[in-house]
>>> print(open('input.csv').read())   # CSV, C-alpha atoms
chain,number,residue,atom,x,y,z
X,1,MET,CA,1.0,21.1,22.1
X,2,PRO,CA,2.9,17.8,22.3
X,3,HIS,CA,6.6,17.9,22.8
X,4,PHE,CA,8.0,16.4,19.7
X,5,CYS,CA,11.3,14.4,19.7
X,6,ASP,CA,14.1,16.1,17.9
X,7,GLU,CA,15.9,12.9,17.2
X,8,TRP,CA,15.4,9.3,18.0
X,9,GLY,CA,17.4,6.1,17.5
X,10,PRO,CA,16.5,2.5,16.6
X,11,ASP,CA,15.5,1.7,20.2
X,12,ALA,CA,12.9,4.5,20.5
X,13,CYS,CA,10.2,2.0,20.7
X,14,GLU,CA,9.5,-1.4,22.3
X,15,ILE,CA,8.6,-3.7,19.5
X,16,GLU,CA,6.5,-6.8,20.0
X,17,ILE,CA,6.4,-9.2,17.1
X,18,ALA,CA,3.5,-11.6,17.2
X,19,PRO,CA,4.3,-15.3,16.9
X,20,PRO,CA,5.3,-17.1,14.8
X,21,ASN,CA,7.5,-14.1,13.8
X,22,LEU,CA,7.5,-14.9,10.1
X,23,ASP,CA,4.0,-16.3,9.2
X,24,VAL,CA,4.3,-17.9,5.8
X,25,ARG,CA,1.1,-17.9,3.7
X,26,GLY,CA,1.7,-19.5,0.3
X,27,ASP,CA,4.0,-17.2,-1.7
X,28,PHE,CA,3.9,-14.5,0.9
X,29,PHE,CA,5.1,-13.8,4.5
X,30,VAL,CA,3.2,-11.7,7.0
X,31,VAL,CA,4.7,-10.1,10.1
X,32,THR,CA,2.4,-8.5,12.6
X,33,GLY,CA,3.0,-6.8,16.0
X,34,ARG,CA,2.9,-3.7,18.0
X,35,VAL,CA,5.2,-0.8,18.7
X,36,ILE,CA,5.2,1.3,21.9
X,37,ASN,CA,6.8,4.7,22.2
X,38,ARG,CA,9.3,4.4,25.1
X,39,LEU,CA,10.5,8.0,24.8
X,40,ALA,CA,9.4,10.9,27.0
X,41,CYS,CA,8.6,12.9,23.8
X,42,THR,CA,6.1,12.4,21.0
X,43,LEU,CA,7.4,10.8,17.8
X,44,PRO,CA,6.1,12.8,14.9
X,45,HIS,CA,5.9,9.7,12.7
X,46,LEU,CA,7.2,6.1,12.7
X,47,GLN,CA,9.0,4.0,10.2
X,48,LEU,CA,10.3,0.5,11.0
X,49,ARG,CA,13.4,-1.2,9.7
X,50,MET,CA,12.9,-4.9,9.2
X,51,ILE,CA,15.9,-7.1,8.8
X,52,MET,CA,15.2,-10.5,7.2
X,53,HIS,CA,17.4,-13.3,8.3
X,54,TYR,CA,18.0,-16.4,6.2
X,55,LYS,CA,18.8,-19.9,7.2
X,56,ASP,CA,19.7,-21.0,3.7
X,57,PRO,CA,23.5,-20.5,3.0
X,58,GLY,CA,22.7,-19.9,-0.6
X,59,HIS,CA,21.0,-16.6,0.3
X,60,PRO,CA,22.4,-13.4,1.8
X,61,ALA,CA,22.6,-13.5,5.5
X,62,MET,CA,20.1,-10.7,5.8
X,63,ARG,CA,18.2,-8.2,3.9
X,64,GLN,CA,16.7,-4.9,5.1
X,65,GLY,CA,13.6,-3.0,4.3
X,66,ILE,CA,12.0,0.1,5.6
X,67,TYR,CA,8.3,0.2,6.2
X,68,HIS,CA,6.1,3.2,6.7
X,69,ILE,CA,3.9,2.5,9.7
X,70,THR,CA,2.0,5.6,10.6
X,71,ASP,CA,2.1,9.3,9.7
X,72,ARG,CA,0.4,10.3,12.9
X,73,ALA,CA,2.2,11.3,16.0
X,74,LEU,CA,2.8,8.7,18.7
X,75,LYS,CA,2.7,10.0,22.2
X,76,PRO,CA,4.9,8.7,25.1
X,77,GLY,CA,3.6,5.3,26.1
X,78,GLU,CA,1.2,5.1,23.2
X,79,SER,CA,1.2,2.1,21.0
X,80,CYS,CA,0.2,1.2,17.5
X,81,PRO,CA,-0.1,-2.1,15.6
X,82,PHE,CA,1.8,-2.9,12.4
X,83,LYS,CA,1.6,-5.4,9.6
X,84,ILE,CA,4.2,-6.1,7.0
X,85,GLU,CA,3.5,-8.4,4.0
X,86,GLY,CA,6.0,-9.4,1.4
X,87,GLU,CA,7.1,-12.0,-1.0
X,88,TYR,CA,8.4,-15.1,0.6
X,89,ASP,CA,11.7,-16.6,-0.6
X,90,ASP,CA,12.8,-20.1,0.4
X,91,GLY,CA,15.4,-19.7,3.1
X,92,MET,CA,13.8,-16.9,4.9
X,93,ASP,CA,13.9,-17.7,8.6
X,94,HIS,CA,13.0,-14.8,10.9
X,95,VAL,CA,12.9,-11.1,11.1
X,96,VAL,CA,14.3,-8.5,13.5
X,97,ILE,CA,12.6,-5.1,13.6
X,98,ASP,CA,13.6,-1.9,15.1
X,99,VAL,CA,12.8,1.8,14.5
X,100,TRP,CA,14.2,3.6,11.5
X,101,PRO,CA,16.1,6.4,13.2
X,102,SER,CA,15.4,10.1,12.6
X,103,ASP,CA,17.5,11.9,10.1
X,104,PRO,CA,19.5,14.6,11.9
X,105,ALA,CA,19.2,16.8,8.8
X,106,GLY,CA,15.4,16.6,8.9
X,107,GLY,CA,15.4,15.6,5.2
X,108,LEU,CA,14.7,12.5,3.3
X,109,HIS,CA,16.3,9.3,4.3
X,110,PRO,CA,18.6,7.8,1.7
N,111,MET,CA,9.3,-19.7,-3.6
N,112,ARG,CA,7.0,-21.8,-5.8
N,113,MET,CA,7.2,-19.8,-9.0
N,114,THR,CA,5.2,-20.6,-12.0
N,115,PRO,CA,7.2,-19.6,-15.1
N,116,LEU,CA,4.4,-20.3,-17.5
N,117,SER,CA,3.8,-18.8,-20.9
N,118,ALA,CA,0.1,-18.8,-20.0
N,119,THR,CA,-1.8,-15.5,-20.0
N,120,PRO,CA,-3.8,-14.5,-17.0
N,121,ALA,CA,-7.5,-15.2,-17.3
N,122,LEU,CA,-10.7,-14.6,-15.3
N,123,SER,CA,-13.5,-16.8,-14.4
N,124,GLU,CA,-16.6,-15.1,-13.0
N,125,LEU,CA,-18.1,-16.6,-9.9
N,126,ASP,CA,-20.8,-13.9,-9.7
N,127,GLU,CA,-21.1,-10.2,-10.2
N,128,TRP,CA,-18.9,-9.6,-7.1
N,129,ARG,CA,-16.3,-12.3,-7.3
N,130,GLU,CA,-13.9,-13.7,-9.9
N,131,VAL,CA,-11.1,-16.2,-10.0
N,132,LEU,CA,-7.9,-14.9,-11.5
N,133,PHE,CA,-6.1,-17.8,-13.2
N,134,LEU,CA,-2.6,-18.4,-14.5
N,135,GLY,CA,-2.3,-21.8,-15.9
N,136,PRO,CA,-4.1,-24.8,-14.4
N,137,SER,CA,-2.8,-24.6,-10.9
N,138,ARG,CA,-2.4,-20.9,-9.9
N,139,LEU,CA,-5.5,-19.0,-8.9
N,140,ALA,CA,-6.8,-16.3,-6.6
N,141,GLU,CA,-10.2,-15.0,-5.8
N,142,ILE,CA,-10.5,-11.3,-6.4
N,143,HIS,CA,-13.5,-9.1,-5.5
N,144,ARG,CA,-15.1,-6.0,-6.8
N,145,GLY,CA,-13.7,-3.0,-4.9
N,146,ASP,CA,-10.3,-4.7,-4.1
N,147,VAL,CA,-7.4,-2.2,-4.2
N,148,VAL,CA,-4.7,-2.9,-6.7
N,149,LEU,CA,-1.3,-1.5,-5.9
N,150,VAL,CA,1.1,-1.0,-8.7
N,151,THR,CA,4.9,-1.3,-8.9
N,152,ASP,CA,6.8,-0.3,-12.1
N,153,GLU,CA,10.5,-0.8,-12.3
N,154,ASN,CA,10.9,1.2,-15.5
N,155,VAL,CA,11.2,5.0,-15.7
N,156,ASP,CA,10.3,5.5,-19.4
N,157,ASP,CA,7.7,8.3,-19.3
N,158,ILE,CA,6.6,11.3,-17.2
N,159,ALA,CA,4.1,9.2,-15.2
N,160,GLU,CA,6.8,6.7,-14.3
N,161,VAL,CA,9.2,9.5,-13.3
N,162,MET,CA,6.5,10.8,-11.0
N,163,GLY,CA,6.0,7.3,-9.8
N,164,ALA,CA,9.7,6.9,-9.1
N,165,LEU,CA,9.6,10.1,-7.0
N,166,VAL,CA,6.6,8.8,-5.0
N,167,THR,CA,8.3,5.5,-4.2
N,168,MET,CA,11.5,7.3,-3.1
N,169,VAL,CA,9.7,9.7,-0.9
N,170,THR,CA,7.3,7.2,0.7
N,171,HIS,CA,10.0,4.4,1.0
N,172,SER,CA,7.6,2.0,-0.8
N,173,VAL,CA,7.7,-0.2,-3.9
N,174,TYR,CA,4.1,1.0,-4.7
N,175,TYR,CA,3.7,4.1,-6.8
N,176,HIS,CA,0.1,3.8,-7.8
N,177,ALA,CA,-3.2,2.6,-6.5
N,178,LEU,CA,-6.5,1.9,-8.2
N,179,VAL,CA,-10.0,0.5,-7.4
N,180,TYR,CA,-10.7,-2.8,-9.1
N,181,ASP,CA,-14.2,-3.1,-10.5
N,182,HIS,CA,-14.9,-6.3,-12.4
N,183,ALA,CA,-14.0,-8.2,-15.6
N,184,TRP,CA,-10.5,-6.6,-15.6
N,185,ARG,CA,-12.1,-3.1,-15.4
N,186,PHE,CA,-10.8,-0.6,-12.9
N,187,ILE,CA,-11.0,3.1,-12.0
N,188,HIS,CA,-8.1,5.3,-11.2
N,189,ALA,CA,-6.7,8.8,-11.0
N,190,PHE,CA,-3.8,8.9,-13.4
N,191,ALA,CA,-1.8,11.5,-15.4
N,192,THR,CA,-4.5,14.1,-16.1
N,193,ARG,CA,-7.8,12.9,-14.7
N,194,VAL,CA,-9.9,10.1,-13.2
N,195,PHE,CA,-10.9,7.4,-15.7
N,196,ALA,CA,-12.0,3.8,-16.1
N,197,ASP,CA,-9.8,1.4,-18.0
N,198,ASP,CA,-9.1,-2.3,-18.1
N,199,ILE,CA,-6.1,-4.2,-16.9
N,200,GLN,CA,-5.7,-6.2,-20.1
N,201,GLY,CA,-5.2,-3.2,-22.2
N,202,PHE,CA,-3.5,-0.9,-19.7
N,203,TYR,CA,-1.1,-3.3,-17.9
N,204,LEU,CA,-0.7,-6.8,-19.3
N,205,GLY,CA,1.4,-5.5,-22.2
N,206,LYS,CA,3.8,-3.7,-19.9
N,207,THR,CA,7.4,-4.8,-19.6
N,208,ASN,CA,8.0,-4.7,-15.9
N,209,VAL,CA,4.9,-4.1,-13.8
N,210,THR,CA,3.7,-5.8,-10.7
N,211,LEU,CA,0.0,-5.6,-9.6
N,212,THR,CA,-0.9,-6.5,-6.0
N,213,TRP,CA,-4.5,-7.0,-5.1
N,214,LEU,CA,-5.3,-5.9,-1.5
N,215,ARG,CA,-8.6,-6.5,0.2
N,216,PRO,CA,-9.5,-3.8,2.8
N,217,ARG,CA,-11.3,-4.6,6.0
N,218,HIS,CA,-12.9,-2.8,8.9
N,219,SER,CA,-10.9,-2.1,12.0
N,220,ASP,CA,-13.6,-4.1,13.9
N,221,PRO,CA,-13.0,-7.7,12.7
N,222,ALA,CA,-16.6,-8.6,13.5
N,223,LYS,CA,-17.8,-6.3,10.7
N,224,ILE,CA,-17.6,-8.2,7.4
N,225,ILE,CA,-17.6,-6.2,4.2
N,226,GLY,CA,-20.4,-7.3,1.9
N,227,ARG,CA,-21.4,-6.8,-1.7
N,228,GLU,CA,-23.5,-3.7,-1.1
N,229,GLU,CA,-20.6,-2.0,0.6
N,230,THR,CA,-18.1,-2.8,-2.1
N,231,ALA,CA,-20.6,-1.7,-4.7
N,232,ALA,CA,-20.8,1.6,-2.9
N,233,VAL,CA,-17.0,1.9,-3.0
N,234,VAL,CA,-16.9,1.3,-6.8
N,235,GLU,CA,-19.9,3.6,-7.3
N,236,PHE,CA,-18.1,6.4,-5.4
N,237,ALA,CA,-15.1,6.0,-7.7
N,238,ARG,CA,-17.2,6.0,-10.8
N,239,ARG,CA,-18.8,9.3,-9.8
N,240,GLN,CA,-15.3,10.8,-9.9
N,241,ILE,CA,-14.6,9.8,-13.5
N,242,GLY,CA,-13.6,12.8,-15.6
N,243,LYS,CA,-12.4,14.9,-12.6
N,244,PRO,CA,-8.9,16.4,-12.9
N,245,TYR,CA,-5.8,14.8,-11.5
N,246,ASP,CA,-4.4,16.4,-8.3
N,247,LEU,CA,-0.7,16.8,-9.1
N,248,TRP,CA,-0.2,19.1,-6.1
N,249,ALA,CA,-1.0,16.2,-3.8
N,250,ASN,CA,1.8,14.2,-5.2
N,251,LEU,CA,4.2,17.0,-4.4
N,252,ALA,CA,2.8,17.1,-0.9
N,253,PHE,CA,4.3,13.7,-0.2
N,254,LEU,CA,7.7,15.5,0.0
N,255,PHE,CA,6.5,17.5,3.0
N,256,ARG,CA,4.9,14.9,5.1
N,257,ALA,CA,6.3,14.2,8.5
N,258,ASP,CA,8.2,11.2,7.0
N,259,GLY,CA,9.5,13.3,4.2
N,260,MET,CA,11.3,16.7,4.7
N,261,SER,CA,9.9,17.1,8.1
N,262,ARG,CA,12.0,20.2,8.9
N,263,ALA,CA,10.8,22.2,6.1
N,264,PRO,CA,9.3,25.6,7.2
N,265,ASP,CA,5.7,25.5,8.5
N,266,TRP,CA,4.5,27.7,5.7
N,267,LEU,CA,5.7,25.2,3.2
N,268,HIS,CA,4.0,22.3,5.0
N,269,ALA,CA,0.8,24.4,5.1
N,270,LEU,CA,1.0,25.2,1.4
N,271,PHE,CA,0.7,21.5,0.6
N,272,GLN,CA,-1.2,19.9,3.4
N,273,ASN,CA,-4.0,22.2,4.3
N,274,ARG,CA,-6.6,20.7,2.0
N,275,ASN,CA,-9.4,18.5,3.4
N,276,TRP,CA,-8.9,15.8,0.8
N,277,LEU,CA,-11.5,13.4,2.2
N,278,ASP,CA,-14.3,15.9,1.6
N,279,ASP,CA,-13.0,17.9,-1.3
N,280,HIS,CA,-14.1,15.9,-4.4
N,281,GLY,CA,-12.9,18.4,-7.0
N,282,LYS,CA,-9.7,16.7,-8.0
N,283,TRP,CA,-7.9,13.4,-7.1
N,284,HIS,CA,-4.6,11.6,-7.1
N,285,CYS,CA,-4.5,7.8,-7.1
N,286,SER,CA,-4.4,6.9,-3.4
N,287,GLU,CA,-6.5,9.8,-2.4
N,288,LEU,CA,-9.3,8.4,-4.7
N,289,VAL,CA,-8.9,4.9,-3.3
N,290,GLY,CA,-8.9,6.1,0.3
N,291,ALA,CA,-11.9,8.3,-0.2
N,292,ALA,CA,-13.9,5.6,-2.1
N,293,TRP,CA,-13.4,3.1,0.7
N,294,TRP,CA,-14.1,5.7,3.4
N,295,HIS,CA,-17.2,7.2,1.9
N,296,GLY,CA,-18.3,3.8,0.4
N,297,CYS,CA,-18.3,1.8,3.6
N,298,GLY,CA,-16.3,3.5,6.3
N,299,VAL,CA,-13.0,1.6,5.9
N,300,ARG,CA,-10.0,3.6,7.0
N,301,PHE,CA,-6.4,2.9,6.0
N,302,THR,CA,-4.8,5.0,8.6
N,303,ASP,CA,-5.7,5.8,12.2
N,304,ASP,CA,-6.7,9.3,11.4
N,305,MET,CA,-8.3,9.5,8.0
N,306,LYS,CA,-9.4,13.0,8.7
N,307,SER,CA,-5.9,14.2,9.0
N,308,GLU,CA,-5.1,16.7,6.2
N,309,THR,CA,-2.0,14.7,5.3
N,310,PHE,CA,-2.6,13.1,2.0
N,311,LEU,CA,-2.9,9.3,1.8
N,312,SER,CA,0.0,7.7,-0.1
N,313,PRO,CA,0.1,4.3,-1.9
N,314,ALA,CA,2.5,3.3,0.9
N,315,ASP,CA,-0.1,4.1,3.6
N,316,ILE,CA,-2.5,1.7,1.9
N,317,GLY,CA,0.1,-1.0,1.2
N,318,ASP,CA,1.3,-1.0,4.8
N,319,SER,CA,-2.1,-0.5,6.4
N,320,ILE,CA,-3.2,-3.0,9.0
N,321,TYR,CA,-6.7,-2.6,7.6
N,322,GLY,CA,-6.0,-4.5,4.4
N,323,ASP,CA,-4.6,-7.9,3.4
N,324,VAL,CA,-2.7,-8.9,0.3
N,325,VAL,CA,-4.7,-11.3,-1.9
N,326,CYS,CA,-2.3,-12.0,-4.7
N,327,THR,CA,0.4,-10.5,-6.9
N,328,LEU,CA,0.6,-10.6,-10.7
N,329,LYS,CA,4.0,-10.0,-12.1
N,330,ILE,CA,4.1,-8.9,-15.7
N,331,ARG,CA,7.5,-9.2,-17.4
N,332,ASN,CA,7.7,-8.7,-21.2
N,333,GLY,CA,4.7,-10.9,-22.0
N,334,GLU,CA,5.4,-13.5,-19.3
N,335,TYR,CA,3.5,-13.6,-16.1
N,336,GLN,CA,3.7,-15.0,-12.6
N,337,LEU,CA,0.9,-15.2,-10.1
N,338,LEU,CA,1.7,-15.3,-6.4
N,339,THR,CA,-1.0,-16.4,-4.1
N,340,LYS,CA,-1.7,-17.2,-0.5
N,341,GLN,CA,-3.1,-20.6,-1.3
N,342,ARG,CA,-1.3,-23.8,-2.2
N,343,ASP,CA,-1.4,-24.9,-5.8
N,344,VAL,CA,-4.6,-26.7,-6.8
>>> encode(input="input.csv", output="C-alpha cells")
Amino acid sequence: MPHFCDEWGPDACEIEIAPPNLDVRGDFFVVTGRVINRLACTLPHLQLRMIMHYKDPGHPAMRQGIYHITDRALKPGESCPFKIEGEYDDGMDHVVIDVWPSDPAGGLHP
Amino acid sequence: MRMTPLSATPALSELDEWREVLFLGPSRLAEIHRGDVVLVTDENVDDIAEVMGALVTMVTHSVYYHALVYDHAWRFIHAFATRVFADDIQGFYLGKTNVTLTWLRPRHSDPAKIIGREETAAVVEFARRQIGKPYDLWANLAFLFRADGMSRAPDWLHALFQNRNWLDDHGKWHCSELVGAAWWHGCGVRFTDDMKSETFLSPADIGDSIYGDVVCTLKIRNGEYQLLTKQRDV
C-alpha cells in the first residue's frame, strides 16, 4: 500500500512549464508541462493552480484558475504531463503554476 | 481577442462524410470531424439538468458540465437526463441563451498513431449502439466521492459509488462515461492514464486530458454567436 500524503502545499511538486510558457494559437492559449512529485509520500490526486499574469494595464494583474490534472495517485518522484487550454485575452502575458494545496478538512475546495 | 460579433448563424459545409467546416460569417471557420468530443458549458441554472450540471462543475472544478460525441451534419449522441439518444445541435443548442460548445479532438498517446476515418466511425458506431439505454445518475453522484472531491469520506461510501467497472458495463451511461467508453472501445484512445480505474470519468477529465486538443469554441448568447478558432481569420 502506498503511503498517502495527509496534507500538501503549493510546492508539493516541481513544475516544468514548456516554452514558450503561454503558447497563443488563434483565439486560444495552450500551456503544457510536467509535474514531478517531490514529496516522500504519494499524492492521491493532483490539481494545479494556474495564475495568469497580464501585461496590459487595462486588465487585472492576474487571474487564477484551478485545473484537474489527474485522478490517479502520483508516487514520490513520479511525474505526469499536463496541458491547459483556454480562451486567449489580449494582454495575457505569462502563467505561473503551482499545486492546489490539500484541504485540511478533506472536503471540497471552495 | 479577435471577437466576431456577427448576427450570422453558424453553418456547416461538408468536405466529405468525415469532415465539415463550421462557419460563422465569411471569415471565421473551423474544421470539425466525425467523432469529435463536444464539451458543454451552460451558465444558466433553469432546470433540473442544469442544476445537476452546476453540481458537476462545482465538484470537478471545471467549466464543463456535459460531454457528447459529435457525429455529422449537426447530429450528435449523448447521455442526458434519462437515457442515451441522438439529437442535433441546431435544435438542441443553438436556441439556448447562454451555452458554450467546445469541440475537442482526441488523439492517441503515441503521436505517431494517427486517428483515421475507420476509427472515428467505430467511435460513433459504439455510441449509436448505446442509444436508448438509461442514464446513470448514480455516476454523477460518484463525482462527489472521487479523490479530488470529498476524499476523506468513509471507505464504504467511496466503495458504494466507485466499485463499478464503467468501461465494460454497458447497461447505463452518463455523459462523459459514454464519451470515454466510445473512444476507448472504438479506437483505444484514453483520456486518463488509467482508463480501467473504477473512478468515473468526468467532463473535466476529458477537457483537461493531454490526449485531446481544442479545435474551436462556439458561444451561443440569446441568438447571437461567436466562433473562436485556432486559425487566423480567412
>>> atom_distance(input="input.csv", atom1="CA of Pro20 in chain X", atom2="CA of Trp100 in chain X")
22.8 Å
>>> atom_distance(input="input.csv", atom1="CA of Met50 in chain X", atom2="CA of Ile97 in chain X")
4.4 Å
>>> closest_residue(input="input.csv", among="N:Leu122, N:Ala191, N:Ile320, N:Leu165", to="Pro221 in chain N", atoms="all atoms listed in the file")
N:Ile320
>>> residues_around(input="input.csv", residues="Glu235 in chain N", least_positions_apart="2", cutoff="12 Å", atoms="all atoms listed in the file", output="mmCIF file with C-alpha atoms, in the coordinates of the input")
data_model
loop_
_atom_site.group_PDB
_atom_site.id
_atom_site.type_symbol
_atom_site.label_atom_id
_atom_site.label_comp_id
_atom_site.auth_asym_id
_atom_site.auth_seq_id
_atom_site.Cartn_x
_atom_site.Cartn_y
_atom_site.Cartn_z
ATOM 1 C CA ARG N 144 -15.100 -6.000 -6.800
ATOM 2 C CA GLY N 145 -13.700 -3.000 -4.900
ATOM 3 C CA VAL N 179 -10.000 0.500 -7.400
ATOM 4 C CA TYR N 180 -10.700 -2.800 -9.100
ATOM 5 C CA ASP N 181 -14.200 -3.100 -10.500
ATOM 6 C CA PHE N 186 -10.800 -0.600 -12.900
ATOM 7 C CA ILE N 187 -11.000 3.100 -12.000
ATOM 8 C CA ALA N 196 -12.000 3.800 -16.100
ATOM 9 C CA ARG N 227 -21.400 -6.800 -1.700
ATOM 10 C CA GLU N 228 -23.500 -3.700 -1.100
ATOM 11 C CA GLU N 229 -20.600 -2.000 0.600
ATOM 12 C CA THR N 230 -18.100 -2.800 -2.100
ATOM 13 C CA ALA N 231 -20.600 -1.700 -4.700
ATOM 14 C CA ALA N 232 -20.800 1.600 -2.900
ATOM 15 C CA VAL N 233 -17.000 1.900 -3.000
ATOM 16 C CA ALA N 237 -15.100 6.000 -7.700
ATOM 17 C CA ARG N 238 -17.200 6.000 -10.800
ATOM 18 C CA ARG N 239 -18.800 9.300 -9.800
ATOM 19 C CA GLN N 240 -15.300 10.800 -9.900
ATOM 20 C CA ILE N 241 -14.600 9.800 -13.500
ATOM 21 C CA LEU N 288 -9.300 8.400 -4.700
ATOM 22 C CA VAL N 289 -8.900 4.900 -3.300
ATOM 23 C CA ALA N 291 -11.900 8.300 -0.200
ATOM 24 C CA ALA N 292 -13.900 5.600 -2.100
ATOM 25 C CA TRP N 293 -13.400 3.100 0.700
ATOM 26 C CA HIS N 295 -17.200 7.200 1.900
ATOM 27 C CA GLY N 296 -18.300 3.800 0.400
ATOM 28 C CA CYS N 297 -18.300 1.800 3.600
#
>>> closest_residue(input="input.csv", among="N:Phe253, N:Leu328, N:Leu270, N:Asp278", to="Met168 in chain N", atoms="only C-alpha atoms")
N:Phe253
>>> residues_around(input="input.csv", residues="Thr42 in chain X", least_positions_apart="2", cutoff="9 Å", atoms="all atoms listed in the file", output="list in words")
Pro2, His3, Phe4, Cys5, Asn37, Leu39, Ala40, Pro44, His45, Ala73, Leu74, Lys75 and Pro76 of chain X
>>> closest_residue(input="input.csv", among="N:Leu211, N:Leu125, N:Cys285, N:Cys326", to="Phe195 in chain N", atoms="all atoms listed in the file")
N:Cys285
>>> residues_around(input="input.csv", residues="Asp98 in chain X", least_positions_apart="2", cutoff="6 Å", atoms="only C-alpha atoms", output="JSON list (two decimals) with C-alpha atoms, keeping the file's coordinate frame")
[["chain", "number", "residue", "atom", "x", "y", "z"],
["X", 10, "PRO", "CA", 16.50, 2.50, 16.60],
["X", 48, "LEU", "CA", 10.30, 0.50, 11.00],
["X", 49, "ARG", "CA", 13.40, -1.20, 9.70]]
>>> atom_distance(input="input.csv", atom1="CA of Thr302 in chain N", atom2="CA of Phe236 in chain N")
19.4 Å
>>> residues_around(input="input.csv", residues="Asp246 in chain N", least_positions_apart="5", cutoff="6 Å", atoms="all atoms listed in the file", output="list in words")
Lys282, Trp283 and His284 of chain N
>>> closest_residue(input="input.csv", among="X:Gly26, X:Gly33, X:Gly9, X:Pro19", to="Pro81 in chain X", atoms="only C-alpha atoms")
X:Gly33
>>> closest_residue(input="input.csv", among="N:Gly201, N:Gly317, N:Pro120, N:Pro264", to="Lys83 in chain X", atoms="all atoms listed in the file")
N:Gly317
>>> closest_residue(input="input.csv", among="X:Ile84, X:Val31, X:Cys13, X:Leu43", to="chain N", atoms="all atoms listed in the file")
X:Ile84
>>> residues_around(input="input.csv", residues="Val155 in chain N", least_positions_apart="2", cutoff="12 Å", atoms="all atoms listed in the file", output="list in words")
Thr151, Asp152, Glu153, Asp157, Ile158, Ala159, Glu160, Val161, Met162, Gly163, Ala164, Leu165, Thr167, Tyr175, Thr207, Asn208 and Val209 of chain N
